[in-house]
file upload_21.txt (compact mmCIF, C-alpha atoms)
# COMPACT_ATOMS: atom_id res chain seq x y z
CA MET A 92 52.80 -41.86 -35.61
CA ARG A 93 51.92 -41.28 -31.96
CA SER A 94 51.80 -37.52 -32.68
CA ALA A 95 48.53 -38.27 -34.48
CA GLY A 96 47.47 -41.16 -32.22
CA PHE A 97 44.12 -39.66 -31.28
CA SER A 98 42.07 -42.87 -31.39
CA TYR A 99 42.45 -44.04 -27.80
CA PRO A 100 43.09 -40.85 -25.76
CA PHE A 101 39.98 -39.17 -27.20
CA LEU A 102 37.84 -42.28 -27.56
CA PRO A 103 35.96 -41.68 -24.24
CA TYR A 104 34.90 -38.23 -25.48
CA ARG A 105 33.84 -39.64 -28.84
CA LEU A 106 31.72 -42.28 -27.13
CA THR A 107 30.19 -39.71 -24.78
CA GLY A 108 29.33 -37.54 -27.79
CA LEU A 109 27.46 -40.46 -29.34
CA GLY A 110 25.19 -40.56 -26.28
CA PHE A 111 26.24 -43.92 -24.89
CA SER A 112 25.73 -44.63 -21.19
CA THR A 113 28.59 -44.82 -18.70
CA ALA A 114 28.24 -48.61 -18.60
CA SER A 115 28.41 -48.85 -22.40
CA ILE A 116 31.42 -46.55 -22.54
CA SER A 117 33.26 -48.63 -19.96
CA LEU A 118 32.43 -51.78 -21.95
CA LEU A 119 33.64 -50.26 -25.22
CA LEU A 120 36.89 -49.06 -23.64
CA ALA A 121 37.43 -52.57 -22.30
CA LEU A 122 36.70 -53.91 -25.80
CA PHE A 123 39.42 -51.65 -27.18
CA GLY A 124 41.75 -53.16 -24.60
CA LEU A 125 40.70 -56.69 -25.56
CA GLY A 126 41.53 -55.91 -29.19
CA TRP A 127 44.85 -54.45 -28.07
CA LEU A 128 45.65 -57.63 -26.11
CA THR A 129 44.79 -59.92 -29.01
CA GLY A 130 46.70 -57.75 -31.45
CA GLN A 131 49.91 -57.92 -29.44
CA LEU A 132 49.88 -61.72 -29.58
CA VAL A 133 49.00 -61.81 -33.27
CA TRP A 134 51.50 -59.19 -34.44
CA GLY A 135 54.26 -60.58 -32.20
CA HIS A 136 53.72 -64.08 -33.57
CA LEU A 137 53.58 -62.82 -37.16
CA ALA A 138 56.81 -60.88 -36.66
CA ASP A 139 58.55 -64.24 -36.11
CA ARG A 140 56.66 -65.99 -38.92
CA LEU A 141 56.49 -63.38 -41.70
CA GLY A 142 59.31 -61.00 -40.87
CA ARG A 143 59.42 -57.62 -39.15
CA ARG A 144 58.74 -55.32 -42.09
CA ALA A 145 55.88 -57.33 -43.62
CA THR A 146 54.11 -57.52 -40.26
CA LEU A 147 54.49 -53.82 -39.55
CA VAL A 148 53.20 -52.81 -42.98
CA SER A 149 50.23 -55.16 -42.68
CA ALA A 150 49.25 -53.80 -39.27
CA MET A 151 49.42 -50.17 -40.37
CA THR A 152 47.37 -50.92 -43.48
CA VAL A 153 44.61 -52.43 -41.36
CA ALA A 154 44.75 -49.36 -39.09
CA ALA A 155 44.41 -47.01 -42.06
CA VAL A 156 41.07 -48.68 -42.87
CA ALA A 157 39.71 -49.30 -39.36
CA LEU A 158 40.17 -45.82 -37.86
CA PRO A 159 38.04 -43.94 -40.44
CA LEU A 160 35.33 -46.56 -39.88
CA LEU A 161 35.47 -45.79 -36.16
CA ALA A 162 35.12 -42.09 -36.99
CA GLN A 163 31.90 -42.64 -38.95
CA ALA A 164 30.22 -45.44 -36.96
CA THR A 165 27.26 -44.50 -34.75
CA SER A 166 25.44 -47.69 -33.71
CA LEU A 167 26.65 -49.64 -30.68
CA VAL A 168 27.45 -52.76 -32.72
CA ALA A 169 29.33 -50.87 -35.43
CA VAL A 170 31.24 -48.78 -32.91
CA GLY A 171 32.08 -51.89 -30.89
CA THR A 172 33.43 -53.73 -33.94
CA ALA A 173 35.50 -50.77 -35.09
CA THR A 174 36.75 -50.20 -31.56
CA ALA A 175 38.00 -53.79 -31.25
CA VAL A 176 39.87 -53.62 -34.58
CA ALA A 177 41.29 -50.19 -33.72
CA GLY A 178 42.54 -51.64 -30.44
CA ALA A 179 44.22 -54.53 -32.24
CA VAL A 180 46.33 -52.18 -34.38
CA TYR A 181 46.83 -49.27 -31.98
CA ASP A 182 50.06 -50.59 -30.42
CA ALA A 183 50.97 -53.10 -33.13
CA PRO A 184 54.45 -51.65 -33.81
CA ARG A 185 55.64 -52.30 -30.24
CA PRO A 186 56.44 -56.07 -30.38
CA VAL A 187 57.67 -55.81 -33.98
CA ILE A 188 60.12 -53.00 -33.26
CA SER A 189 61.19 -54.57 -29.95
CA ALA A 190 62.11 -57.78 -31.77
CA ALA A 191 63.93 -55.84 -34.50
CA VAL A 192 65.99 -53.94 -31.91
CA ALA A 193 66.88 -57.16 -30.09
CA ASP A 194 67.93 -58.67 -33.44
CA GLY A 195 70.27 -55.86 -34.33
CA VAL A 196 71.69 -54.63 -31.00
CA ALA A 197 73.65 -57.06 -28.84
CA ASP A 198 74.86 -54.66 -26.12
CA GLU A 199 72.44 -54.47 -23.18
CA GLY A 200 73.33 -50.89 -22.34
CA ARG A 201 72.64 -49.73 -25.89
CA ARG A 202 69.34 -51.61 -25.95
CA ALA A 203 68.31 -49.96 -22.69
CA GLY A 204 69.19 -46.58 -24.16
CA ILE A 205 67.16 -47.30 -27.29
CA SER A 206 64.20 -48.41 -25.15
CA GLY A 207 64.41 -45.17 -23.20
CA TRP A 208 64.46 -43.04 -26.33
CA ARG A 209 61.58 -45.01 -27.84
CA HIS A 210 59.57 -44.24 -24.75
CA PHE A 211 60.68 -40.61 -24.95
CA ALA A 212 59.47 -40.35 -28.55
CA THR A 213 56.16 -41.97 -27.62
CA ASN A 214 55.56 -39.42 -24.89
CA VAL A 215 56.51 -36.48 -27.09
CA GLY A 216 53.96 -37.84 -29.53
CA ALA A 217 51.42 -38.04 -26.71
CA ALA A 218 52.05 -34.39 -25.87
CA ILE A 219 51.46 -33.35 -29.47
CA THR A 220 48.38 -35.57 -29.54
CA GLY A 221 46.98 -34.00 -26.38
CA ALA A 222 47.64 -30.40 -27.40
CA THR A 223 46.57 -30.62 -31.04
CA GLY A 224 43.74 -33.03 -30.31
CA GLY A 225 42.27 -30.76 -27.65
CA LEU A 226 42.34 -27.81 -30.05
CA LEU A 227 41.09 -29.72 -33.09
CA ALA A 228 38.27 -31.37 -31.11
CA ASP A 229 36.71 -27.95 -30.50
CA SER A 230 37.17 -26.66 -34.06
CA THR A 231 36.81 -29.65 -36.41
CA GLY A 232 35.00 -32.18 -34.23
CA LEU A 233 36.09 -35.52 -32.83
CA PRO A 234 35.54 -37.70 -35.96
CA CYS A 235 38.19 -35.70 -37.81
CA LEU A 236 40.79 -36.84 -35.24
CA PHE A 237 40.22 -40.48 -36.16
CA TRP A 238 40.56 -39.74 -39.87
CA ILE A 239 43.89 -38.01 -39.17
CA ASN A 240 45.04 -41.01 -37.12
CA GLY A 241 44.19 -43.34 -40.00
CA ALA A 242 46.11 -41.17 -42.47
CA ALA A 243 49.15 -41.20 -40.16
CA CYS A 244 49.08 -45.01 -40.04
CA ALA A 245 48.93 -45.15 -43.83
CA ALA A 246 51.95 -42.84 -44.00
CA PHE A 247 53.80 -45.03 -41.47
CA ALA A 248 53.18 -48.10 -43.68
CA VAL A 249 54.67 -46.27 -46.67
CA ILE A 250 57.70 -45.19 -44.60
CA ALA A 251 58.24 -48.77 -43.40
CA VAL A 252 58.21 -50.05 -46.99
CA ARG A 253 60.61 -47.34 -48.08
CA PHE A 254 63.13 -47.33 -45.25
CA MET A 255 63.02 -50.66 -43.39
CA ARG A 256 65.46 -53.24 -44.67
CA PRO A 257 63.65 -56.27 -46.14
CA ASP A 258 63.90 -59.20 -43.76
CA ARG A 259 63.20 -62.70 -44.97
CA PRO A 260 60.93 -64.93 -42.89
CA PRO A 261 62.97 -67.59 -41.09
CA ARG A 262 63.24 -70.99 -42.75
CA PRO A 263 60.60 -73.50 -41.64
CA ALA A 264 62.98 -75.23 -39.23
CA GLN A 265 63.83 -71.90 -37.60
CA ARG A 266 60.32 -70.53 -37.24
CA THR A 267 58.56 -70.25 -33.94
CA SER A 268 57.41 -73.83 -33.38
CA PRO A 269 54.70 -75.22 -31.10
CA GLY A 270 57.53 -76.31 -28.82
CA THR A 271 58.77 -72.73 -28.63
CA GLY A 272 55.25 -71.57 -27.80
CA ARG A 273 54.98 -74.16 -25.06
CA SER A 274 58.34 -73.03 -23.71
CA ALA A 275 57.02 -69.48 -23.45
CA VAL A 276 53.88 -70.66 -21.67
CA ARG A 277 56.03 -72.61 -19.18
CA ASP A 278 58.50 -69.79 -18.56
CA ALA A 279 57.77 -68.63 -15.01
CA ARG A 280 59.98 -65.58 -15.45
CA LEU A 281 57.88 -64.37 -18.37
CA TRP A 282 54.60 -64.70 -16.48
CA LEU A 283 55.88 -63.11 -13.29
CA LEU A 284 57.14 -60.20 -15.40
CA TRP A 285 53.73 -60.15 -17.08
CA LEU A 286 51.99 -59.82 -13.69
CA VAL A 287 54.38 -57.15 -12.41
CA SER A 288 54.02 -55.13 -15.60
CA THR A 289 50.24 -55.42 -15.66
CA CYS A 290 49.96 -54.09 -12.11
CA ALA A 291 52.40 -51.28 -12.84
CA PHE A 292 50.70 -50.37 -16.11
CA VAL A 293 47.18 -50.05 -14.69
CA PRO A 294 48.11 -46.56 -13.42
CA ILE A 295 49.62 -45.74 -16.84
CA ALA A 296 46.39 -46.86 -18.50
CA GLY A 297 44.62 -44.68 -15.97
CA ILE A 298 46.07 -41.60 -17.65
CA PHE A 299 43.92 -42.45 -20.67
CA SER A 300 40.84 -43.95 -19.01
CA ILE A 301 40.63 -43.19 -15.29
CA MET A 302 41.76 -39.57 -15.54
CA PRO A 303 39.28 -38.54 -18.27
CA LEU A 304 36.42 -40.07 -16.25
CA LEU A 305 37.50 -38.20 -13.12
CA MET A 306 37.94 -34.93 -15.02
CA GLU A 307 34.58 -35.28 -16.73
CA ARG A 308 33.02 -35.86 -13.31
CA GLN A 309 34.49 -32.50 -12.27
CA GLY A 310 32.97 -30.85 -15.35
CA LEU A 311 36.33 -30.23 -17.05
CA PRO A 312 36.40 -30.19 -20.91
CA ALA A 313 38.40 -32.32 -23.33
CA SER A 314 40.90 -29.46 -23.77
CA ALA A 315 41.70 -29.64 -20.02
CA TYR A 316 42.54 -33.32 -20.40
CA GLY A 317 44.82 -32.41 -23.29
CA TRP A 318 46.83 -30.21 -20.92
CA THR A 319 47.44 -33.14 -18.58
CA GLN A 320 49.08 -34.89 -21.52
CA VAL A 321 51.20 -31.84 -22.19
CA ALA A 322 52.31 -31.74 -18.52
CA SER A 323 53.20 -35.42 -18.62
CA ALA A 324 55.24 -34.98 -21.78
CA ALA A 325 57.00 -31.92 -20.36
CA ALA A 326 58.14 -34.06 -17.43
CA VAL A 327 59.35 -36.67 -19.92
CA LEU A 328 61.36 -34.01 -21.76
CA LEU A 329 63.05 -32.95 -18.52
CA LEU A 330 63.72 -36.42 -17.12
CA SER A 331 64.36 -38.69 -20.11
CA LEU A 332 67.96 -37.69 -20.81
CA PRO A 333 69.30 -38.13 -17.26
CA LEU A 334 67.19 -41.22 -16.58
CA ASN A 335 68.13 -42.90 -19.86
CA ARG A 336 71.84 -42.44 -19.14
CA TRP A 337 71.38 -43.70 -15.59
CA LEU A 338 69.41 -46.76 -16.71
CA ALA A 339 71.88 -47.61 -19.49
CA ARG A 340 74.68 -47.81 -16.91
CA ARG A 341 72.64 -50.29 -14.88
CA ALA A 342 71.43 -52.48 -17.74
CA GLN A 343 74.17 -55.09 -17.22
CA GLY A 344 72.74 -56.00 -13.81
CA SER A 345 69.28 -56.88 -12.55
CA MET A 346 66.59 -54.32 -13.28
CA VAL A 347 64.00 -55.93 -11.03
CA ARG A 348 64.50 -53.58 -8.06
CA LEU A 349 64.09 -50.61 -10.35
CA LEU A 350 60.95 -52.21 -11.78
CA ALA A 351 59.53 -52.58 -8.25
CA ALA A 352 60.30 -48.95 -7.41
CA SER A 353 58.71 -47.77 -10.65
CA SER A 354 55.50 -49.67 -9.85
CA LEU A 355 55.25 -47.86 -6.50
CA VAL A 356 55.86 -44.46 -8.09
CA LEU A 357 53.23 -45.08 -10.75
CA GLY A 358 50.60 -46.20 -8.25
CA ALA A 359 51.19 -43.21 -5.99
CA GLY A 360 51.38 -40.69 -8.84
CA ILE A 361 48.20 -41.57 -10.69
CA GLY A 362 46.47 -42.56 -7.48
CA ALA A 363 46.84 -38.93 -6.36
CA ALA A 364 44.39 -37.98 -9.14
CA GLY A 365 41.65 -39.34 -6.89
CA LEU A 366 42.20 -36.28 -4.67
CA ALA A 367 42.43 -33.75 -7.53
CA ASN A 368 39.82 -31.12 -8.38
CA THR A 369 41.42 -28.78 -10.94
CA THR A 370 43.26 -29.10 -14.22
CA VAL A 371 46.51 -28.09 -12.52
CA GLU A 372 46.13 -30.83 -9.89
CA TYR A 373 45.37 -33.50 -12.49
CA ALA A 374 48.34 -32.35 -14.57
CA ALA A 375 50.59 -32.54 -11.48
CA ALA A 376 49.45 -36.13 -10.81
CA ALA A 377 50.22 -37.13 -14.40
CA ALA A 378 53.68 -35.52 -14.24
CA ALA A 379 54.50 -37.12 -10.87
CA ALA A 380 54.11 -40.59 -12.38
CA VAL A 381 56.55 -39.96 -15.24
CA PRO A 382 59.77 -41.20 -13.53
CA GLY A 383 58.06 -44.50 -12.74
CA GLU A 384 56.73 -44.75 -16.28
CA ILE A 385 60.17 -44.28 -17.87
CA VAL A 386 61.87 -46.76 -15.56
CA ALA A 387 59.08 -49.35 -15.86
CA PHE A 388 59.23 -49.56 -19.63
CA VAL A 389 63.02 -49.65 -19.84
CA ALA A 390 63.44 -52.14 -16.99
CA ALA A 391 60.72 -54.51 -18.22
CA THR A 392 62.07 -54.41 -21.78
CA ALA A 393 65.55 -55.23 -20.48
CA VAL A 394 64.19 -58.30 -18.67
CA ILE A 395 62.34 -59.45 -21.81
CA ASP A 396 65.49 -59.06 -23.91
CA ARG A 397 67.38 -61.14 -21.35
CA ILE A 398 64.96 -64.07 -21.18
CA ALA A 399 63.60 -64.29 -24.75
CA PRO A 400 65.09 -66.98 -27.03
CA PRO A 401 66.33 -65.47 -30.33
CA ARG A 402 63.80 -67.49 -32.39
CA ALA A 403 60.87 -66.24 -30.32
CA ARG A 404 61.68 -62.59 -29.70
CA GLY A 405 58.51 -61.44 -31.41
CA LEU A 406 56.38 -63.91 -29.43
CA TYR A 407 57.91 -62.95 -26.08
CA ALA A 408 57.59 -59.24 -26.91
CA GLY A 409 53.99 -59.81 -27.97
CA ILE A 410 53.10 -61.70 -24.78
CA TRP A 411 54.69 -58.96 -22.70
CA GLY A 412 52.95 -56.36 -24.88
CA THR A 413 49.60 -57.72 -23.70
CA THR A 414 50.37 -56.31 -20.24
CA LEU A 415 49.55 -52.77 -21.28
CA ALA A 416 46.50 -54.07 -23.14
CA THR A 417 45.36 -55.95 -20.03
CA ALA A 418 45.85 -52.78 -18.01
CA ILE A 419 43.76 -50.91 -20.59
CA ILE A 420 40.97 -53.44 -19.97
CA CYS A 421 41.28 -53.40 -16.18
CA ALA A 422 41.69 -49.66 -15.64
CA PRO A 423 38.23 -48.50 -16.84
CA VAL A 424 36.56 -51.47 -15.16
CA LEU A 425 38.27 -50.69 -11.84
CA ALA A 426 37.53 -46.98 -12.29
CA GLY A 427 33.85 -47.61 -13.01
CA TRP A 428 33.47 -49.92 -10.01
CA SER A 429 35.37 -47.56 -7.70
CA LEU A 430 33.43 -44.49 -8.80
CA ALA A 431 30.16 -46.31 -8.23
CA HIS A 432 31.10 -47.64 -4.76
CA GLY A 433 33.36 -45.00 -3.25
CA GLY A 434 33.92 -42.08 -5.58
CA PRO A 435 37.24 -40.57 -6.68
CA VAL A 436 39.02 -41.33 -3.40
CA LEU A 437 38.42 -45.07 -3.82
CA VAL A 438 39.61 -44.78 -7.44
CA GLY A 439 42.89 -43.34 -6.16
CA ALA A 440 43.25 -45.99 -3.45
CA VAL A 441 42.67 -48.89 -5.86
CA THR A 442 45.15 -47.41 -8.35
CA CYS A 443 47.77 -47.07 -5.64
CA ALA A 444 47.15 -50.66 -4.51
CA CYS A 445 47.91 -51.92 -8.03
CA GLY A 446 51.35 -50.34 -7.80
CA VAL A 447 51.99 -51.97 -4.42
CA VAL A 448 51.03 -55.43 -5.72
CA GLY A 449 53.31 -55.00 -8.73
CA ALA A 450 56.24 -54.15 -6.47
CA ALA A 451 55.55 -57.19 -4.26
CA VAL A 452 55.57 -59.60 -7.21
CA CYS A 453 59.07 -58.39 -8.11
CA LEU A 454 60.44 -60.44 -5.18
CA PRO A 455 59.81 -63.91 -6.68
CA LEU A 456 60.73 -62.58 -10.14
CA GLY A 457 64.12 -61.47 -8.87
CA LEU A 458 64.70 -64.82 -7.19
CA LEU A 459 63.94 -66.74 -10.41
CA LEU A 460 66.22 -64.53 -12.49
CA ARG A 461 69.13 -65.39 -10.18
CA GLN A 462 68.59 -69.15 -10.58
CA PRO A 463 70.35 -71.22 -13.28
CA ARG A 464 68.46 -71.24 -16.58
CA PRO A 465 67.30 -74.91 -16.45
CA ALA A 466 65.49 -74.30 -13.17
CA GLN A 467 63.85 -71.23 -14.66
CA SER A 468 62.67 -72.84 -17.86
CA LEU A 469 61.15 -75.81 -16.07
CA ALA A 470 59.58 -73.82 -13.26
CA LEU A 471 56.07 -74.11 -14.64
CA ALA A 472 56.44 -77.48 -16.31
CA HIS A 473 55.25 -79.45 -13.29
call {"tool": "encode", "arguments": {"input": "upload_21.txt", "output": "structure tokens"}}
result
Amino acid sequence: MRSAGFSYPFLPYRLTGLGFSTASISLLLALFGLGWLTGQLVWGHLADRLGRRATLVSAMTVAAVALPLLAQATSLVAVGTATAVAGAVYDAPRPVISAAVADGVADEGRRAGISGWRHFATNVGAAITGATGGLLADSTGLPCLFWINGAACAAFAVIAVRFMRPDRPPRPAQRTSPGTGRSAVRDARLWLLWLVSTCAFVPIAGIFSIMPLLMERQGLPASAYGWTQVASAAAVLLLSLPLNRWLARRAQGSMVRLLAASSLVLGAGIGAAGLANTTVEYAAAAAAAVPGEIVAFVAATAVIDRIAPPRARGLYAGIWGTTLATAIICAPVLAGWSLAHGGPVLVGAVTCACGVVGAAVCLPLGLLLRQPRPAQSLALAH
């Protein structure tokens, strides 16, 4: 599905083509992120309440309707509404599939390997999206990309119905209860992981929001941005196999140090785009961040799998899934402010600082994970 996931990577160009101002574009991109954030909570909760397959099919059906509407909308209100709905369904499969994997795979090493390969597939899809989207944007126009994305989501819904094993919703006594929700809210480990991941993912979100703004400022076309996605995916192709094996061997222990290191690598890699001027330099910055991106997703997923109660796996995955959505909201806002007050260099410095903060927050997270479970679960109760 991500091979046709044009809606967010090419959304800034679509909005620019509609003649919106920089301020309006930044607001609409943040609105997409707000929809993304809300969607992660909703789909994660529904995965526990309705079952994995029913939730996934429902989300993809909504996407199949919303994305063509985004392709055809022209007024600010209509575009804003369609953008919010598109954001809500864009990453909907993540908490559902994460919960399904945790349900079916008990071994931590195997789960880490699956997480790595899921990330690998996502990045291969991003490469195809960047290459084909850049070419199609020049020949068929940007609205066609959103129609294709909607058709891909419809196909994904059909595939889920055909190939996913039916899963019954849990019995009322087993469903995610208000008490379970309160337990998640009070789980200090979950919220420290949320903060670490948000800081680390701001640079990742920058690949889709900060980098296009910087490249457009340099006068580079949408096809040039597509090549940065290709470079990033090429690095994923080269590094995923060795990194996945290496991470799987370390999944039995704490992944927090690796999460801290990945946050630093991400901040430095994407932050270097603030000094770039050419397509090659932007592509190099995107590729340099790839090791941190792979490790961050695998390490954070491993921590979630470790701390989530079986009855609330969808909820925990959904709450953690809002980290990328929050980063999607913060990245364009930070980029817009930094461009206005200091130019590309300040954009790079702020992006790098996000990575440093994420690494620093790993210290208390690691300490809590080493404490006995009762102390962890009550850490925010008082």
call {"tool": "closest_residue", "arguments": {"input": "upload_21.txt", "among": "A:Glu384, A:Asp198, A:Asp139, A:Asp396", "to": "A:Gly446", "atoms": "all atoms listed in the file"}}
result
A:Glu384
call {"tool": "closest_atom_pairs", "arguments": {"input": "upload_21.txt", "of": "stretch 399-433 of chain A", "to": "stretch 116-137 of chain A", "cutoff": "9 Å", "atoms": "all atoms listed in the file", "output": "Markdown table"}}
result
| residue | atom | partner | partner_atom | distance |
| --- | --- | --- | --- | --- |
| A:Ala403 | CA | A:His136 | CA | 8.1 |
| A:Arg404 | CA | A:Gly135 | CA | 8.1 |
| A:Gly405 | CA | A:Gly135 | CA | 4.4 |
| A:Leu406 | CA | A:Gly135 | CA | 4.8 |
| A:Tyr407 | CA | A:Gly135 | CA | 7.5 |
| A:Ala408 | CA | A:Gly135 | CA | 6.4 |
| A:Gly409 | CA | A:Gly135 | CA | 4.3 |
| A:Ile410 | CA | A:Leu132 | CA | 5.8 |
| A:Trp411 | CA | A:Gln131 | CA | 8.3 |
| A:Gly412 | CA | A:Gln131 | CA | 5.7 |
| A:Thr413 | CA | A:Leu128 | CA | 4.6 |
| A:Thr414 | CA | A:Leu128 | CA | 7.6 |
| A:Leu415 | CA | A:Leu128 | CA | 7.9 |
| A:Ala416 | CA | A:Leu128 | CA | 4.7 |
| A:Thr417 | CA | A:Leu128 | CA | 6.3 |
| A:Ala418 | CA | A:Gly124 | CA | 7.8 |
| A:Ile419 | CA | A:Gly124 | CA | 5.0 |
| A:Ile420 | CA | A:Ala121 | CA | 4.3 |
| A:Cys421 | CA | A:Ala121 | CA | 7.3 |
| A:Ala422 | CA | A:Ala121 | CA | 8.4 |
| A:Pro423 | CA | A:Ser117 | CA | 5.9 |
| A:Val424 | CA | A:Ser117 | CA | 6.5 |
| A:Ala426 | CA | A:Ser117 | CA | 8.9 |
| A:Gly427 | CA | A:Ser117 | CA | 7.0 |
call {"tool": "write_last_selection", "arguments": {"input": "upload_21.txt", "atoms": "C-alpha atoms", "output": "PDB file, keeping the file's coordinate frame"}}
result
ATOM      1  CA  ALA A 403      60.870 -66.240 -30.320  1.00  0.00           C
ATOM      2  CA  ARG A 404      61.680 -62.590 -29.700  1.00  0.00           C
ATOM      3  CA  GLY A 405      58.510 -61.440 -31.410  1.00  0.00           C
ATOM      4  CA  LEU A 406      56.380 -63.910 -29.430  1.00  0.00           C
ATOM      5  CA  TYR A 407      57.910 -62.950 -26.080  1.00  0.00           C
ATOM      6  CA  ALA A 408      57.590 -59.240 -26.910  1.00  0.00           C
ATOM      7  CA  GLY A 409      53.990 -59.810 -27.970  1.00  0.00           C
ATOM      8  CA  ILE A 410      53.100 -61.700 -24.780  1.00  0.00           C
ATOM      9  CA  TRP A 411      54.690 -58.960 -22.700  1.00  0.00           C
ATOM     10  CA  GLY A 412      52.950 -56.360 -24.880  1.00  0.00           C
ATOM     11  CA  THR A 413      49.600 -57.720 -23.700  1.00  0.00           C
ATOM     12  CA  THR A 414      50.370 -56.310 -20.240  1.00  0.00           C
ATOM     13  CA  LEU A 415      49.550 -52.770 -21.280  1.00  0.00           C
ATOM     14  CA  ALA A 416      46.500 -54.070 -23.140  1.00  0.00           C
ATOM     15  CA  THR A 417      45.360 -55.950 -20.030  1.00  0.00           C
ATOM     16  CA  ALA A 418      45.850 -52.780 -18.010  1.00  0.00           C
ATOM     17  CA  ILE A 419      43.760 -50.910 -20.590  1.00  0.00           C
ATOM     18  CA  ILE A 420      40.970 -53.440 -19.970  1.00  0.00           C
ATOM     19  CA  CYS A 421      41.280 -53.400 -16.180  1.00  0.00           C
ATOM     20  CA  ALA A 422      41.690 -49.660 -15.640  1.00  0.00           C
ATOM     21  CA  PRO A 423      38.230 -48.500 -16.840  1.00  0.00           C
ATOM     22  CA  VAL A 424      36.560 -51.470 -15.160  1.00  0.00           C
ATOM     23  CA  ALA A 426      37.530 -46.980 -12.290  1.00  0.00           C
ATOM     24  CA  GLY A 427      33.850 -47.610 -13.010  1.00  0.00           C
TER      25      GLY A 427
END
call {"tool": "residues_around", "arguments": {"input": "upload_21.txt", "residues": "A:Ala359", "least_positions_apart": "5", "cutoff": "10 Å", "atoms": "all atoms listed in the file", "output": "list in words"}}
result
Pro294, Ser353, Ser354, Ala364, Ala376, Ala379, Ala380, Gly383, Gly439, Ala440, Thr442, Cys443, Ala444, Cys445, Gly446 and Val447 of chain A
call {"tool": "closest_residue", "arguments": {"input": "upload_21.txt", "among": "A:Thr146, A:Asn368, A:Ser230, A:Ser314", "to": "A:Val436", "atoms": "only C-alpha atoms"}}
result
A:Asn368
call {"tool": "residues_around", "arguments": {"input": "upload_21.txt", "residues": "A:Arg280", "least_positions_apart": "3", "cutoff": "8 Å", "atoms": "only C-alpha atoms", "output": "compact mmCIF listing (two decimals) with C-alpha atoms, in the coordinates of the input"}}
result
# COMPACT_ATOMS: atom_id res chain seq x y z
CA LEU A 283 55.88 -63.11 -13.29
CA LEU A 284 57.14 -60.20 -15.40
CA ILE A 398 64.96 -64.07 -21.18
CA LEU A 456 60.73 -62.58 -10.14
CA LEU A 459 63.94 -66.74 -10.41
CA LEU A 460 66.22 -64.53 -12.49
CA GLN A 467 63.85 -71.23 -14.66
call {"tool": "atom_distance", "arguments": {"input": "upload_21.txt", "atom1": "atom CA of A:Thr319", "atom2": "atom CA of A:Thr369"}}
result
10.7 Å
call {"tool": "closest_residue", "arguments": {"input": "upload_21.txt", "among": "A:Gly178, A:Gly200, A:Pro184, A:Gly207", "to": "A:Val389", "atoms": "all atoms listed in the file"}}
result
A:Gly207
call {"tool": "closest_atom_pairs", "arguments": {"input": "upload_21.txt", "of": "stretch 369-419 of chain A", "to": "stretch 320-328 of chain A", "cutoff": "12 Å", "atoms": "only C-alpha atoms", "output": "Markdown table"}}
result
| residue | atom | partner | partner_atom | distance |
| --- | --- | --- | --- | --- |
| A:Thr370 | CA | A:Ala322 | CA | 10.4 |
| A:Val371 | CA | A:Ala322 | CA | 9.1 |
| A:Glu372 | CA | A:Ala322 | CA | 10.7 |
| A:Tyr373 | CA | A:Ala322 | CA | 9.4 |
| A:Ala374 | CA | A:Ala322 | CA | 5.6 |
| A:Ala375 | CA | A:Ala322 | CA | 7.3 |
| A:Ala376 | CA | A:Ser323 | CA | 8.7 |
| A:Ala377 | CA | A:Ser323 | CA | 5.4 |
| A:Ala378 | CA | A:Ser323 | CA | 4.4 |
| A:Ala379 | CA | A:Ser323 | CA | 8.0 |
| A:Ala380 | CA | A:Ser323 | CA | 8.2 |
| A:Val381 | CA | A:Val327 | CA | 6.4 |
| A:Pro382 | CA | A:Val327 | CA | 7.8 |
| A:Gly383 | CA | A:Val327 | CA | 10.7 |
| A:Glu384 | CA | A:Val327 | CA | 9.2 |
| A:Ile385 | CA | A:Val327 | CA | 7.9 |
| A:Val386 | CA | A:Val327 | CA | 11.3 |
call {"tool": "residues_around", "arguments": {"input": "upload_21.txt", "residues": "A:Trp238", "least_positions_apart": "6", "cutoff": "9 Å", "atoms": "only C-alpha atoms", "output": "tab-separated table (two decimals) with C-alpha atoms, keeping the file's coordinate frame"}}
result
chain	number	residue	atom	x	y	z
A	155	ALA	CA	44.41	-47.01	-42.06
A	158	LEU	CA	40.17	-45.82	-37.86
A	159	PRO	CA	38.04	-43.94	-40.44
A	160	LEU	CA	35.33	-46.56	-39.88
A	161	LEU	CA	35.47	-45.79	-36.16
A	162	ALA	CA	35.12	-42.09	-36.99
call {"tool": "atom_distance", "arguments": {"input": "upload_21.txt", "atom1": "atom CA of A:Ile295", "atom2": "atom CA of A:Leu338"}}
result
19.8 Å
call {"tool": "atom_distance", "arguments": {"input": "upload_21.txt", "atom1": "atom CA of A:Phe101", "atom2": "atom CA of A:Val438"}}
result
20.5 Å
call {"tool": "closest_residue", "arguments": {"input": "upload_21.txt", "among": "A:Gly232, A:Gly358, A:Gly204, A:Gly142", "to": "A:Arg256", "atoms": "only C-alpha atoms"}}
result
A:Gly142
call {"tool": "residues_around", "arguments": {"input": "upload_21.txt", "residues": "A:Ala183", "least_positions_apart": "3", "cutoff": "8 Å", "atoms": "all atoms listed in the file", "output": "list in words"}}
result
Gly130, Gln131, Trp134, Leu147, Ala150, Met151, Ala179, Val180, Pro186 and Val187 of chain A
call {"tool": "closest_residue", "arguments": {"input": "upload_21.txt", "among": "A:Leu430, A:Leu349, A:Val176, A:Leu109", "to": "A:Arg308", "atoms": "only C-alpha atoms"}}
result
A:Leu430
